[in-house]
$ cat run16.pdb   # PDB, C-alpha atoms and all ligand atoms
ATOM      1  CA  MET A   1     -20.122   2.603  33.619
ATOM      2  CA  SER A   2     -20.434   3.585  29.971
ATOM      3  CA  SER A   3     -19.607   1.185  27.184
ATOM      4  CA  TYR A   4     -17.565   2.511  24.290
ATOM      5  CA  SER A   5     -18.197   1.511  20.693
ATOM      6  CA  VAL A   6     -14.947   0.349  19.141
ATOM      7  CA  GLY A   7     -14.319  -0.897  15.615
ATOM      8  CA  VAL A   8     -11.737  -3.678  15.606
ATOM      9  CA  ILE A   9      -9.623  -4.455  12.566
ATOM     10  CA  GLY A  10      -7.402  -7.406  13.432
ATOM     11  CA  GLY A  11      -6.107  -7.299   9.885
ATOM     12  CA  ASP A  12      -3.409  -9.573   8.539
ATOM     13  CA  GLY A  13      -0.572 -11.717   9.799
ATOM     14  CA  ILE A  14       0.072 -11.245  13.508
ATOM     15  CA  GLY A  15      -2.552  -8.454  13.695
ATOM     16  CA  PRO A  16      -5.455 -10.580  14.992
ATOM     17  CA  GLU A  17      -3.222 -12.305  17.589
ATOM     18  CA  VAL A  18      -1.904  -9.102  19.125
ATOM     19  CA  VAL A  19      -5.293  -7.362  19.028
ATOM     20  CA  ALA A  20      -6.828 -10.289  20.921
ATOM     21  CA  GLU A  21      -4.330  -9.677  23.743
ATOM     22  CA  GLY A  22      -5.082  -5.949  23.791
ATOM     23  CA  LEU A  23      -8.803  -6.617  24.109
ATOM     24  CA  LYS A  24      -8.167  -9.233  26.807
ATOM     25  CA  VAL A  25      -6.175  -6.719  28.823
ATOM     26  CA  ILE A  26      -8.834  -4.017  28.415
ATOM     27  CA  ALA A  27     -11.500  -6.463  29.627
ATOM     28  CA  ALA A  28      -9.365  -7.132  32.704
ATOM     29  CA  THR A  29      -9.444  -3.437  33.636
ATOM     30  CA  GLY A  30     -13.228  -3.555  33.847
ATOM     31  CA  VAL A  31     -13.696  -0.997  31.072
ATOM     32  CA  GLU A  32     -16.508  -2.210  28.855
ATOM     33  CA  LEU A  33     -16.265  -2.015  25.099
ATOM     34  CA  SER A  34     -18.904  -2.819  22.594
ATOM     35  CA  THR A  35     -16.808  -4.023  19.656
ATOM     36  CA  THR A  36     -17.577  -4.517  15.981
ATOM     37  CA  ASP A  37     -15.132  -6.611  13.959
ATOM     38  CA  TYR A  38     -14.185  -5.477  10.486
ATOM     39  CA  ASP A  39     -12.688  -8.100   8.218
ATOM     40  CA  LEU A  40     -10.372  -5.869   6.215
ATOM     41  CA  GLY A  41      -6.783  -6.041   5.029
ATOM     42  CA  GLY A  42      -4.729  -7.966   2.515
ATOM     43  CA  ALA A  43      -6.423 -11.320   3.059
ATOM     44  CA  ARG A  44      -9.872  -9.836   2.489
ATOM     45  CA  TYR A  45      -8.635  -8.038  -0.608
ATOM     46  CA  LEU A  46      -7.262 -11.270  -2.043
ATOM     47  CA  ARG A  47     -10.576 -12.994  -1.323
ATOM     48  CA  ASP A  48     -12.991 -10.531  -2.911
ATOM     49  CA  GLY A  49     -11.202  -7.330  -3.872
ATOM     50  CA  THR A  50     -12.629  -5.288  -0.973
ATOM     51  CA  ILE A  51     -10.337  -2.612   0.442
ATOM     52  CA  LEU A  52     -12.474  -0.071   2.333
ATOM     53  CA  PRO A  53     -16.137   0.318   1.332
ATOM     54  CA  ASP A  54     -17.628   3.809   1.606
ATOM     55  CA  GLU A  55     -20.417   2.453   3.844
ATOM     56  CA  THR A  56     -17.840   1.081   6.278
ATOM     57  CA  LEU A  57     -16.066   4.411   6.421
ATOM     58  CA  ALA A  58     -19.403   6.126   7.027
ATOM     59  CA  GLU A  59     -20.143   3.684   9.888
ATOM     60  CA  TRP A  60     -16.787   4.403  11.485
ATOM     61  CA  ARG A  61     -17.606   8.086  11.864
ATOM     62  CA  ASP A  62     -20.063   7.123  14.616
ATOM     63  CA  LEU A  63     -17.599   4.983  16.558
ATOM     64  CA  ASP A  64     -15.764   6.092  19.679
ATOM     65  CA  ALA A  65     -12.476   4.555  18.513
ATOM     66  CA  ILE A  66     -10.858   2.121  16.096
ATOM     67  CA  TYR A  67      -8.346  -0.513  17.187
ATOM     68  CA  LEU A  68      -6.158  -1.936  14.442
ATOM     69  CA  GLY A  69      -3.639  -4.804  14.489
ATOM     70  CA  ALA A  70      -1.687  -4.721  11.243
ATOM     71  CA  VAL A  71      -2.431  -4.879   7.559
ATOM     72  CA  GLY A  72      -0.446  -6.269   4.660
ATOM     73  CA  ALA A  73      -0.299  -9.726   3.152
ATOM     74  CA  PRO A  74       2.008 -11.457   0.677
ATOM     75  CA  GLY A  75       0.534 -11.529  -2.804
ATOM     76  CA  VAL A  76      -1.108  -8.118  -2.575
ATOM     77  CA  PRO A  77       0.535  -5.581  -4.858
ATOM     78  CA  ARG A  78       2.657  -3.231  -2.806
ATOM     79  CA  GLY A  79       0.812  -0.185  -1.506
ATOM     80  CA  VAL A  80      -2.746  -1.232  -2.365
ATOM     81  CA  ILE A  81      -3.812  -1.872   1.229
ATOM     82  CA  GLU A  82      -1.479   0.721   2.726
ATOM     83  CA  ARG A  83      -2.914   3.519   0.620
ATOM     84  CA  GLY A  84      -6.432   2.192   0.169
ATOM     85  CA  LEU A  85      -7.097   1.288   3.790
ATOM     86  CA  LEU A  86      -4.601   2.734   6.259
ATOM     87  CA  LEU A  87      -3.826   6.062   4.597
ATOM     88  CA  ARG A  88      -7.414   6.491   3.435
ATOM     89  CA  MET A  89      -8.579   6.002   7.024
ATOM     90  CA  ARG A  90      -6.048   8.562   8.298
ATOM     91  CA  PHE A  91      -7.022  11.088   5.615
ATOM     92  CA  GLU A  92     -10.805  10.650   5.556
ATOM     93  CA  LEU A  93     -11.153  10.613   9.345
ATOM     94  CA  ASP A  94      -8.649  13.497   9.407
ATOM     95  CA  LEU A  95      -6.451  11.759  11.989
ATOM     96  CA  TYR A  96      -3.892  14.512  11.737
ATOM     97  CA  ILE A  97      -1.756  13.566  14.726
ATOM     98  CA  ASN A  98       0.312  10.397  14.801
ATOM     99  CA  LEU A  99       1.559  10.201  18.371
ATOM    100  CA  ARG A 100       4.358   7.715  19.016
ATOM    101  CA  PRO A 101       5.911   7.501  22.486
ATOM    102  CA  PHE A 102       9.245   5.836  23.254
ATOM    103  CA  LYS A 103      10.845   4.717  26.467
ATOM    104  CA  LEU A 104      14.538   3.946  26.714
ATOM    105  CA  ASP A 105      15.834   0.879  28.529
ATOM    106  CA  GLY A 106      17.707   1.717  31.732
ATOM    107  CA  ASP A 107      18.580   5.393  32.138
ATOM    108  CA  ASN A 108      15.658   5.755  34.549
ATOM    109  CA  GLY A 109      13.491   4.914  31.554
ATOM    110  CA  HIS A 110      13.776   8.316  29.882
ATOM    111  CA  ASP A 111      10.804   8.730  27.598
ATOM    112  CA  PHE A 112      10.054  10.992  24.682
ATOM    113  CA  VAL A 113       7.236  11.418  22.188
ATOM    114  CA  VAL A 114       7.237  11.971  18.446
ATOM    115  CA  ILE A 115       4.303  13.930  17.021
ATOM    116  CA  ARG A 116       4.157  13.047  13.348
ATOM    117  CA  GLU A 117       1.904  15.016  11.004
ATOM    118  CA  ASN A 118      -0.395  12.345   9.579
ATOM    119  CA  THR A 119      -2.390  13.740   6.636
ATOM    120  CA  GLU A 120      -0.041  15.710   4.372
ATOM    121  CA  GLY A 121       3.530  15.899   3.093
ATOM    122  CA  ALA A 122       4.820  13.269   0.711
ATOM    123  CA  TYR A 123       1.942  11.004   1.742
ATOM    124  CA  ALA A 124      -0.643  13.249   0.089
ATOM    125  CA  GLY A 125      -0.162  11.466  -3.219
ATOM    126  CA  GLU A 126       0.577  14.526  -5.300
ATOM    127  CA  GLY A 127       2.536  13.873  -8.471
ATOM    128  CA  GLY A 128       2.470  11.751 -11.540
ATOM    129  CA  PHE A 129       4.219  10.346 -14.555
ATOM    130  CA  LEU A 130       5.041  11.853 -17.893
ATOM    131  CA  ARG A 131       6.037   9.644 -20.819
ATOM    132  CA  LYS A 132       5.763   6.582 -18.589
ATOM    133  CA  GLY A 133       7.546   3.527 -19.876
ATOM    134  CA  THR A 134       9.709   5.471 -22.316
ATOM    135  CA  PRO A 135      13.416   6.214 -21.906
ATOM    136  CA  HIS A 136      12.397   9.796 -21.192
ATOM    137  CA  GLU A 137      10.046   8.876 -18.375
ATOM    138  CA  VAL A 138       9.525  11.494 -15.654
ATOM    139  CA  ALA A 139       8.072  10.867 -12.195
ATOM    140  CA  THR A 140       7.312  13.660  -9.771
ATOM    141  CA  GLN A 141       6.184  13.194  -6.172
ATOM    142  CA  GLY A 142       5.270  16.367  -4.397
ATOM    143  CA  SER A 143       5.062  17.137  -0.715
ATOM    144  CA  VAL A 144       1.859  18.946   0.199
ATOM    145  CA  ASN A 145       2.166  21.243   3.201
ATOM    146  CA  THR A 146      -0.628  23.558   4.220
ATOM    147  CA  ARG A 147      -0.335  26.303   6.793
ATOM    148  CA  ARG A 148      -3.403  24.900   8.540
ATOM    149  CA  GLY A 149      -2.040  21.342   8.494
ATOM    150  CA  ALA A 150       1.359  22.289   9.857
ATOM    151  CA  GLU A 151      -0.099  24.694  12.408
ATOM    152  CA  ARG A 152      -2.599  22.332  13.993
ATOM    153  CA  CYS A 153       0.061  19.665  14.331
ATOM    154  CA  ILE A 154       2.640  22.065  15.770
ATOM    155  CA  ARG A 155       0.041  23.510  18.138
ATOM    156  CA  TYR A 156      -0.827  20.034  19.406
ATOM    157  CA  ALA A 157       2.871  19.385  20.023
ATOM    158  CA  PHE A 158       3.241  22.649  21.995
ATOM    159  CA  GLU A 159       0.210  21.725  24.108
ATOM    160  CA  LEU A 160       1.685  18.299  24.809
ATOM    161  CA  ALA A 161       5.081  19.821  25.638
ATOM    162  CA  SER A 162       3.339  22.174  28.105
ATOM    163  CA  GLU A 163       1.792  19.192  29.875
ATOM    164  CA  ARG A 164       5.136  17.398  29.982
ATOM    165  CA  ASN A 165       8.550  18.991  30.433
ATOM    166  CA  ASN A 166       8.230  22.196  28.407
ATOM    167  CA  HIS A 167      10.673  21.206  25.702
ATOM    168  CA  LEU A 168       9.833  20.828  22.006
ATOM    169  CA  THR A 169      12.117  20.056  19.065
ATOM    170  CA  LEU A 170      11.174  20.642  15.450
ATOM    171  CA  VAL A 171      12.762  18.099  13.100
ATOM    172  CA  HIS A 172      12.879  18.890   9.377
ATOM    173  CA  LYS A 173      15.380  19.558   6.615
ATOM    174  CA  THR A 174      15.060  23.309   6.249
ATOM    175  CA  ASN A 175      18.508  23.666   4.676
ATOM    176  CA  VAL A 176      17.360  21.786   1.577
ATOM    177  CA  LEU A 177      13.555  21.804   1.592
ATOM    178  CA  ALA A 178      13.384  25.551   1.115
ATOM    179  CA  PHE A 179       9.606  25.793   0.742
ATOM    180  CA  SER A 180       8.066  23.203   3.050
ATOM    181  CA  GLY A 181      10.865  23.680   5.566
ATOM    182  CA  ASP A 182      10.292  27.425   5.566
ATOM    183  CA  LEU A 183       6.556  26.994   6.135
ATOM    184  CA  TRP A 184       7.160  24.581   9.007
ATOM    185  CA  GLN A 185       9.870  26.702  10.624
ATOM    186  CA  ARG A 186       7.905  29.947  10.370
ATOM    187  CA  THR A 187       4.756  28.325  11.701
ATOM    188  CA  PHE A 188       6.739  26.742  14.523
ATOM    189  CA  ASN A 189       8.330  30.087  15.448
ATOM    190  CA  GLU A 190       4.995  31.877  15.418
ATOM    191  CA  VAL A 191       3.162  29.305  17.526
ATOM    192  CA  ALA A 192       6.131  29.265  19.919
ATOM    193  CA  LEU A 193       5.350  32.890  20.835
ATOM    194  CA  GLU A 194       2.112  31.660  22.405
ATOM    195  CA  TYR A 195       4.013  29.181  24.602
ATOM    196  CA  PRO A 196       6.758  31.220  26.258
ATOM    197  CA  ALA A 197       7.281  28.538  28.905
ATOM    198  CA  VAL A 198       8.225  25.920  26.298
ATOM    199  CA  SER A 199      11.878  25.944  25.276
ATOM    200  CA  THR A 200      12.370  25.062  21.637
ATOM    201  CA  ASP A 201      15.037  23.439  19.545
ATOM    202  CA  TYR A 202      15.529  22.497  15.916
ATOM    203  CA  ASN A 203      17.363  19.518  14.381
ATOM    204  CA  HIS A 204      17.773  18.491  10.788
ATOM    205  CA  ILE A 205      16.365  15.013  10.197
ATOM    206  CA  ASP A 206      19.759  13.465   9.468
ATOM    207  CA  ALA A 207      21.239  14.862  12.674
ATOM    208  CA  ALA A 208      18.165  13.724  14.610
ATOM    209  CA  CYS A 209      18.880  10.161  13.431
ATOM    210  CA  ILE A 210      22.330  10.353  15.022
ATOM    211  CA  TYR A 211      20.928  11.827  18.249
ATOM    212  CA  PHE A 212      18.284   9.088  18.415
ATOM    213  CA  VAL A 213      21.096   6.568  18.580
ATOM    214  CA  GLN A 214      23.700   8.521  20.562
ATOM    215  CA  ASP A 215      21.839  11.012  22.737
ATOM    216  CA  PRO A 216      18.070  10.460  22.800
ATOM    217  CA  GLN A 217      17.940  11.957  26.316
ATOM    218  CA  ARG A 218      18.018  15.384  24.695
ATOM    219  CA  TYR A 219      14.451  14.893  23.472
ATOM    220  CA  ASP A 220      11.142  15.269  25.206
ATOM    221  CA  VAL A 221       8.589  16.114  22.504
ATOM    222  CA  ILE A 222       9.494  16.146  18.812
ATOM    223  CA  VAL A 223       7.276  17.448  16.032
ATOM    224  CA  THR A 224       7.927  16.602  12.410
ATOM    225  CA  ASP A 225       6.316  16.021   9.037
ATOM    226  CA  ASN A 226       4.726  12.821   7.790
ATOM    227  CA  LEU A 227       7.622  11.131   5.987
ATOM    228  CA  PHE A 228      10.355  12.215   8.393
ATOM    229  CA  GLY A 229       8.104  11.054  11.207
ATOM    230  CA  ASP A 230       7.560   7.679   9.575
ATOM    231  CA  ILE A 231      11.274   7.016   9.320
ATOM    232  CA  LEU A 232      12.235   8.559  12.644
ATOM    233  CA  THR A 233       9.658   6.528  14.581
ATOM    234  CA  ASP A 234      10.939   3.223  13.205
ATOM    235  CA  LEU A 235      14.354   4.316  14.450
ATOM    236  CA  GLY A 236      12.716   5.310  17.746
ATOM    237  CA  GLY A 237      11.352   1.780  18.051
ATOM    238  CA  ALA A 238      14.740   0.282  17.252
ATOM    239  CA  VAL A 239      16.545   2.289  19.965
ATOM    240  CA  SER A 240      13.918   1.774  22.655
ATOM    241  CA  GLY A 241      13.483  -1.939  23.053
ATOM    242  CA  GLY A 242      12.432  -2.877  19.540
ATOM    243  CA  ILE A 243       9.474  -2.372  17.305
ATOM    244  CA  GLY A 244       7.550  -4.985  19.334
ATOM    245  CA  LEU A 245       7.084  -2.358  22.051
ATOM    246  CA  ALA A 246       6.259   0.671  19.869
ATOM    247  CA  SER A 247       2.680   1.858  20.174
ATOM    248  CA  SER A 248       0.850   4.632  18.395
ATOM    249  CA  ALA A 249      -2.255   6.751  18.359
ATOM    250  CA  ASN A 250      -3.696   8.296  15.182
ATOM    251  CA  LEU A 251      -5.704  11.165  16.582
ATOM    252  CA  ASN A 252      -8.229  13.693  15.615
ATOM    253  CA  PRO A 253      -8.338  15.557  18.927
ATOM    254  CA  GLU A 254     -11.541  17.403  17.971
ATOM    255  CA  VAL A 255     -14.030  15.147  16.173
ATOM    256  CA  GLY A 256     -14.852  11.545  15.385
ATOM    257  CA  PRO A 257     -13.066   8.360  16.310
ATOM    258  CA  SER A 258      -9.308   8.167  16.658
ATOM    259  CA  MET A 259      -7.395   5.037  15.670
ATOM    260  CA  PHE A 260      -4.914   3.070  17.741
ATOM    261  CA  GLU A 261      -2.395   0.611  16.326
ATOM    262  CA  PRO A 262       1.038  -0.834  17.032
ATOM    263  CA  VAL A 263       3.792   0.632  14.844
ATOM    264  CA  HIS A 264       4.882  -2.825  13.673
ATOM    265  CA  GLY A 265       3.613  -4.535  10.525
ATOM    266  CA  SER A 266       1.814  -7.809   9.926
ATOM    267  CA  ALA A 267       4.957 -10.001  10.025
ATOM    268  CA  PRO A 268       3.460 -12.766   7.847
ATOM    269  CA  ASP A 269       6.486 -15.001   8.473
ATOM    270  CA  ILE A 270       5.477 -15.541  12.111
ATOM    271  CA  ALA A 271       1.696 -15.222  11.723
ATOM    272  CA  GLY A 272      -0.435 -17.696  13.634
ATOM    273  CA  LYS A 273       2.545 -19.004  15.598
ATOM    274  CA  GLN A 274       1.957 -17.043  18.809
ATOM    275  CA  LYS A 275       5.435 -15.602  18.436
ATOM    276  CA  ALA A 276       4.568 -11.917  18.178
ATOM    277  CA  ASN A 277       5.131  -9.578  21.103
ATOM    278  CA  PRO A 278       1.694  -8.126  21.938
ATOM    279  CA  ILE A 279       3.074  -5.320  24.128
ATOM    280  CA  ALA A 280       2.926  -2.682  21.344
ATOM    281  CA  ALA A 281      -0.722  -3.580  20.728
ATOM    282  CA  ILE A 282      -1.490  -3.616  24.469
ATOM    283  CA  LEU A 283       0.134  -0.199  24.938
ATOM    284  CA  SER A 284      -1.860   1.064  21.943
ATOM    285  CA  ALA A 285      -4.979  -0.217  23.715
ATOM    286  CA  ALA A 286      -3.912   1.813  26.745
ATOM    287  CA  HIS A 287      -3.707   4.938  24.553
ATOM    288  CA  MET A 288      -7.188   4.162  23.329
ATOM    289  CA  LEU A 289      -8.553   4.027  26.872
ATOM    290  CA  LYS A 290      -6.835   7.292  27.680
ATOM    291  CA  TYR A 291      -8.488   9.006  24.731
ATOM    292  CA  LEU A 292     -11.839   7.379  25.474
ATOM    293  CA  GLY A 293     -11.728   9.065  28.863
ATOM    294  CA  GLU A 294     -10.453   6.199  31.013
ATOM    295  CA  PRO A 295      -7.029   7.541  31.977
ATOM    296  CA  SER A 296      -6.701   5.540  35.181
ATOM    297  CA  ALA A 297      -7.288   2.213  33.385
ATOM    298  CA  ALA A 298      -4.751   3.350  30.790
ATOM    299  CA  THR A 299      -2.151   4.105  33.434
ATOM    300  CA  ARG A 300      -2.795   0.760  35.108
ATOM    301  CA  ILE A 301      -2.183  -1.064  31.803
ATOM    302  CA  GLU A 302       1.051   0.831  31.184
ATOM    303  CA  ALA A 303       2.278  -0.037  34.666
ATOM    304  CA  ALA A 304       1.240  -3.684  34.224
ATOM    305  CA  CYS A 305       3.226  -3.941  30.975
ATOM    306  CA  GLU A 306       6.364  -2.524  32.568
ATOM    307  CA  PRO A 307       7.668  -5.764  34.209
ATOM    308  CA  HIS A 308       6.938  -7.812  31.071
ATOM    309  CA  LEU A 309       8.463  -5.693  28.310
ATOM    310  CA  ASN A 310      11.207  -8.219  27.659
ATOM    311  CA  MET A 311       9.347 -11.357  28.693
ATOM    312  CA  ASP A 312       9.989 -14.615  26.854
ATOM    313  CA  GLY A 313       6.741 -16.330  26.090
ATOM    314  CA  SER A 314       4.014 -16.834  23.566
ATOM    315  CA  THR A 315       1.783 -13.964  22.492
ATOM    316  CA  SER A 316      -1.016 -15.087  24.792
ATOM    317  CA  GLU A 317       1.340 -15.865  27.701
ATOM    318  CA  ILE A 318       2.601 -12.276  27.591
ATOM    319  CA  GLY A 319      -1.004 -11.033  27.500
ATOM    320  CA  ASP A 320      -1.836 -13.299  30.451
ATOM    321  CA  ALA A 321       1.146 -11.971  32.396
ATOM    322  CA  VAL A 322      -0.089  -8.400  31.909
ATOM    323  CA  VAL A 323      -3.579  -9.442  33.018
ATOM    324  CA  ALA A 324      -2.123 -11.147  36.110
ATOM    325  CA  GLU A 325      -0.135  -8.022  36.884
ATOM    326  CA  LEU A 326      -3.307  -5.935  36.726
ATOM    327  CA  ALA A 327      -4.897  -8.167  39.330
ATOM    328  CA  LYS A 328      -2.041  -7.642  41.830
TER     329      LYS A 328
HETATM  330  C1  LIG A 401       3.412   3.395   9.621
HETATM  331  C2  LIG A 401       3.518   2.530   8.396
HETATM  332  C3  LIG A 401       2.672   3.135   7.282
HETATM  333  C4  LIG A 401       3.211   4.522   7.014
HETATM  334  C5  LIG A 401       2.647   2.307   5.997
HETATM  335  C6  LIG A 401       2.155   0.909   6.250
HETATM  336  C7  LIG A 401       1.864   2.985   4.906
HETATM  337  O1  LIG A 401       4.837   2.372   8.003
HETATM  338  O2  LIG A 401       2.307   3.489  10.181
HETATM  339  O3  LIG A 401       4.414   3.970  10.034
HETATM  340  O4  LIG A 401       4.150   4.687   6.240
HETATM  341  O5  LIG A 401       2.657   5.461   7.595
HETATM  342 MN    MN A 402       6.251   3.384   9.288
END

$ encode --input "run16.pdb" --output "structure tokens"
Amino acid sequence: MSSYSVGVIGGDGIGPEVVAEGLKVIAATGVELSTTDYDLGGARYLRDGTILPDETLAEWRDLDAIYLGAVGAPGVPRGVIERGLLLRMRFELDLYINLRPFKLDGDNGHDFVVIRENTEGAYAGEGGFLRKGTPHEVATQGSVNTRRGAERCIRYAFELASERNNHLTLVHKTNVLAFSGDLWQRTFNEVALEYPAVSTDYNHIDAACIYFVQDPQRYDVIVTDNLFGDILTDLGGAVSGGIGLASSANLNPEVGPSMFEPVHGSAPDIAGKQKANPIAAILSAAHMLKYLGEPSAATRIEAACEPHLNMDGSTSEIGDAVVAELAK
């Protein structure tokens, strides 16, 4: 059996605890990883100012995957680690798909997937200040949308919809965002012609928020831009068992390593107390195995998590329960 080279960033707060459970569960499947730990995140930054060295980024390009817990620590100025580490990783490794699946409680466990564009939009960092600090201060924050960026994301979503239930919804705000919305809608309509079997729908982002709460069964695959996807997937977590279950995959489907992380943050208030639910991190580990080419181990992990989604117990007890389930 091959061994995959995986970079592990436990990160801050509860990150290292949940990542430890994910790695424990992977080991129990028999899939072998050769891991390299990277001490990065808010704590490292506070210690010596390091955010993401160029050499580290260069090293990552040769990895098979990256597994990340959570980053963000009290005392670090807001955004420094988010932009300097997490967003830089997404942009430089061109992880243009942020795939976030959700499963509803009850209801035969209806599941749906949000495909969030992960390298453009309001996250691109376009904008600036004029006359900063004066009463006439101006701040602009643009949203960068390229035809190529929207198209590759939309195309990925159509492919995924074809493998699932042939239904794809575009979420945007085309009634107000006349330029980016138009580019997204036109691109969506054009790519749709190549997938005649996929039925399509469109919702404005505000309406989609209502449907997430009141009628999420209408969704199968959703595709949306970076910022709408950020907000919508937190809501997705909230309506499908809580953010402690929400997993994600930051993918470049063509080249280089992809990155796998729970949607939740570092939760410094409960760090080190074994209180965090590791299921989101374990399910993210399952995504990683799927993309490494170990789909049957991935499916086994997902099935082993199923009975323990709402388990009371410490972080490691929940991990142990998943491991025990795998052995059944
Ligand atoms: C997420 C997070 C990040 C984002 C933050 C930490 C920059 O909220 O992965 O959803 O906004 O993308
Ligand atoms: Mn978010």

$ closest_atom_pairs --input "run16.pdb" --of "chain A" --to "ligand LIG 401 (chain A)" --cutoff "9 Å" --atoms "all atoms listed in the file" --output "JSON lines"
{"residue": "A:Ala70", "atom": "CA", "partner": "A:LIG401", "partner_atom": "C6", "distance": 8.4}
{"residue": "A:Val71", "atom": "CA", "partner": "A:LIG401", "partner_atom": "C6", "distance": 7.5}
{"residue": "A:Gly72", "atom": "CA", "partner": "A:LIG401", "partner_atom": "C6", "distance": 7.8}
{"residue": "A:Gly79", "atom": "CA", "partner": "A:LIG401", "partner_atom": "C7", "distance": 7.2}
{"residue": "A:Ile81", "atom": "CA", "partner": "A:LIG401", "partner_atom": "C6", "distance": 8.3}
{"residue": "A:Glu82", "atom": "CA", "partner": "A:LIG401", "partner_atom": "C7", "distance": 4.6}
{"residue": "A:Arg83", "atom": "CA", "partner": "A:LIG401", "partner_atom": "C7", "distance": 6.4}
{"residue": "A:Leu86", "atom": "CA", "partner": "A:LIG401", "partner_atom": "C7", "distance": 6.6}
{"residue": "A:Leu87", "atom": "CA", "partner": "A:LIG401", "partner_atom": "C7", "distance": 6.5}
{"residue": "A:Asn98", "atom": "CA", "partner": "A:LIG401", "partner_atom": "O2", "distance": 8.5}
{"residue": "A:Asn118", "atom": "CA", "partner": "A:LIG401", "partner_atom": "O5", "distance": 7.8}
{"residue": "A:Tyr123", "atom": "CA", "partner": "A:LIG401", "partner_atom": "O4", "distance": 8.1}
{"residue": "A:Asn226", "atom": "CA", "partner": "A:LIG401", "partner_atom": "O5", "distance": 7.6}
{"residue": "A:Leu227", "atom": "CA", "partner": "A:LIG401", "partner_atom": "O4", "distance": 7.3}
{"residue": "A:Gly229", "atom": "CA", "partner": "A:LIG401", "partner_atom": "O3", "distance": 8.1}
{"residue": "A:Asp230", "atom": "CA", "partner": "A:LIG401", "partner_atom": "O3", "distance": 4.9}
{"residue": "A:Ile231", "atom": "CA", "partner": "A:LIG401", "partner_atom": "O3", "distance": 7.5}
{"residue": "A:Thr233", "atom": "CA", "partner": "A:LIG401", "partner_atom": "O3", "distance": 7.4}
{"residue": "A:Asp234", "atom": "CA", "partner": "A:LIG401", "partner_atom": "O3", "distance": 7.3}
{"residue": "A:Ser248", "atom": "CA", "partner": "A:LIG401", "partner_atom": "O2", "distance": 8.4}
{"residue": "A:Glu261", "atom": "CA", "partner": "A:LIG401", "partner_atom": "O2", "distance": 8.3}
{"residue": "A:Pro262", "atom": "CA", "partner": "A:LIG401", "partner_atom": "O2", "distance": 8.2}
{"residue": "A:Val263", "atom": "CA", "partner": "A:LIG401", "partner_atom": "O2", "distance": 5.7}
{"residue": "A:His264", "atom": "CA", "partner": "A:LIG401", "partner_atom": "C1", "distance": 7.6}
{"residue": "A:Gly265", "atom": "CA", "partner": "A:LIG401", "partner_atom": "C6", "distance": 7.1}

$ atom_distance --input "run16.pdb" --atom1 "atom CA of Phe260 of chain A" --atom2 "atom CA of Ile66 of chain A"
6.2 Å

$ resolve_selection --input "run16.pdb" --expression "the PyMOL selection byres (((chain A and resi 209-225) around 8) and not hetatm)" --output "PyMOL selection string"
chain A and resi 110-118+120-121+153-154+157+160-161+164-165+167-172+205-208+226-229+232+235-236+239

$ write_last_selection --input "run16.pdb" --atoms "C-alpha atoms" --output "CSV table (one decimal), keeping the file's coordinate frame"
chain,number,residue,atom,x,y,z
A,110,HIS,CA,13.8,8.3,29.9
A,111,ASP,CA,10.8,8.7,27.6
A,112,PHE,CA,10.1,11.0,24.7
A,113,VAL,CA,7.2,11.4,22.2
A,114,VAL,CA,7.2,12.0,18.4
A,115,ILE,CA,4.3,13.9,17.0
A,116,ARG,CA,4.2,13.0,13.3
A,117,GLU,CA,1.9,15.0,11.0
A,118,ASN,CA,-0.4,12.3,9.6
A,120,GLU,CA,0.0,15.7,4.4
A,121,GLY,CA,3.5,15.9,3.1
A,153,CYS,CA,0.1,19.7,14.3
A,154,ILE,CA,2.6,22.1,15.8
A,157,ALA,CA,2.9,19.4,20.0
A,160,LEU,CA,1.7,18.3,24.8
A,161,ALA,CA,5.1,19.8,25.6
A,164,ARG,CA,5.1,17.4,30.0
A,165,ASN,CA,8.6,19.0,30.4
A,167,HIS,CA,10.7,21.2,25.7
A,168,LEU,CA,9.8,20.8,22.0
A,169,THR,CA,12.1,20.1,19.1
A,170,LEU,CA,11.2,20.6,15.4
A,171,VAL,CA,12.8,18.1,13.1
A,172,HIS,CA,12.9,18.9,9.4
A,205,ILE,CA,16.4,15.0,10.2
A,206,ASP,CA,19.8,13.5,9.5
A,207,ALA,CA,21.2,14.9,12.7
A,208,ALA,CA,18.2,13.7,14.6
A,226,ASN,CA,4.7,12.8,7.8
A,227,LEU,CA,7.6,11.1,6.0
A,228,PHE,CA,10.4,12.2,8.4
A,229,GLY,CA,8.1,11.1,11.2
A,232,LEU,CA,12.2,8.6,12.6
A,235,LEU,CA,14.4,4.3,14.4
A,236,GLY,CA,12.7,5.3,17.7
A,239,VAL,CA,16.5,2.3,20.0

$ resolve_selection --input "run16.pdb" --expression "the PyMOL selection byres (((chain A and resi 290-292) around 9) and not hetatm)" --output "ChimeraX atom specification"
/A:4,64-65,251,253,258,285-289,293-299

$ axis_aligned_box --input "run16.pdb" --around "segment 89-94 of chain A" --padding-each-side "3 Å" --output "AutoDock Vina command-line options"
--center_x -8.6 --center_y 9.7 --center_z 7.5 --size_x 11.1 --size_y 13.5 --size_z 9.9

$ atom_distance --input "run16.pdb" --atom1 "atom CA of Tyr38 of chain A" --atom2 "atom CA of Pro101 of chain A"
26.8 Å

$ closest_residue --input "run16.pdb" --among "A:Val6, A:Val18, A:Leu99, A:Ala324" --to "Leu33 of chain A" --atoms "all atoms listed in the file"
A:Val6

$ closest_residue --input "run16.pdb" --among "A:Tyr67, A:Ala267, A:Val144, A:Arg131" --to "Glu21 of chain A" --atoms "all atoms listed in the file"
A:Tyr67

$ atom_distance --input "run16.pdb" --atom1 "atom CA of Arg147 of chain A" --atom2 "atom CA of Glu254 of chain A"
18.2 Å

$ residues_around --input "run16.pdb" --residues "Gly313 of chain A" --least-positions-apart "2" --cutoff "9 Å" --atoms "all atoms listed in the file" --output "list in words"
Gln274, Lys275, Asn277, Met311, Thr315, Ser316, Glu317 and Ile318 of chain A
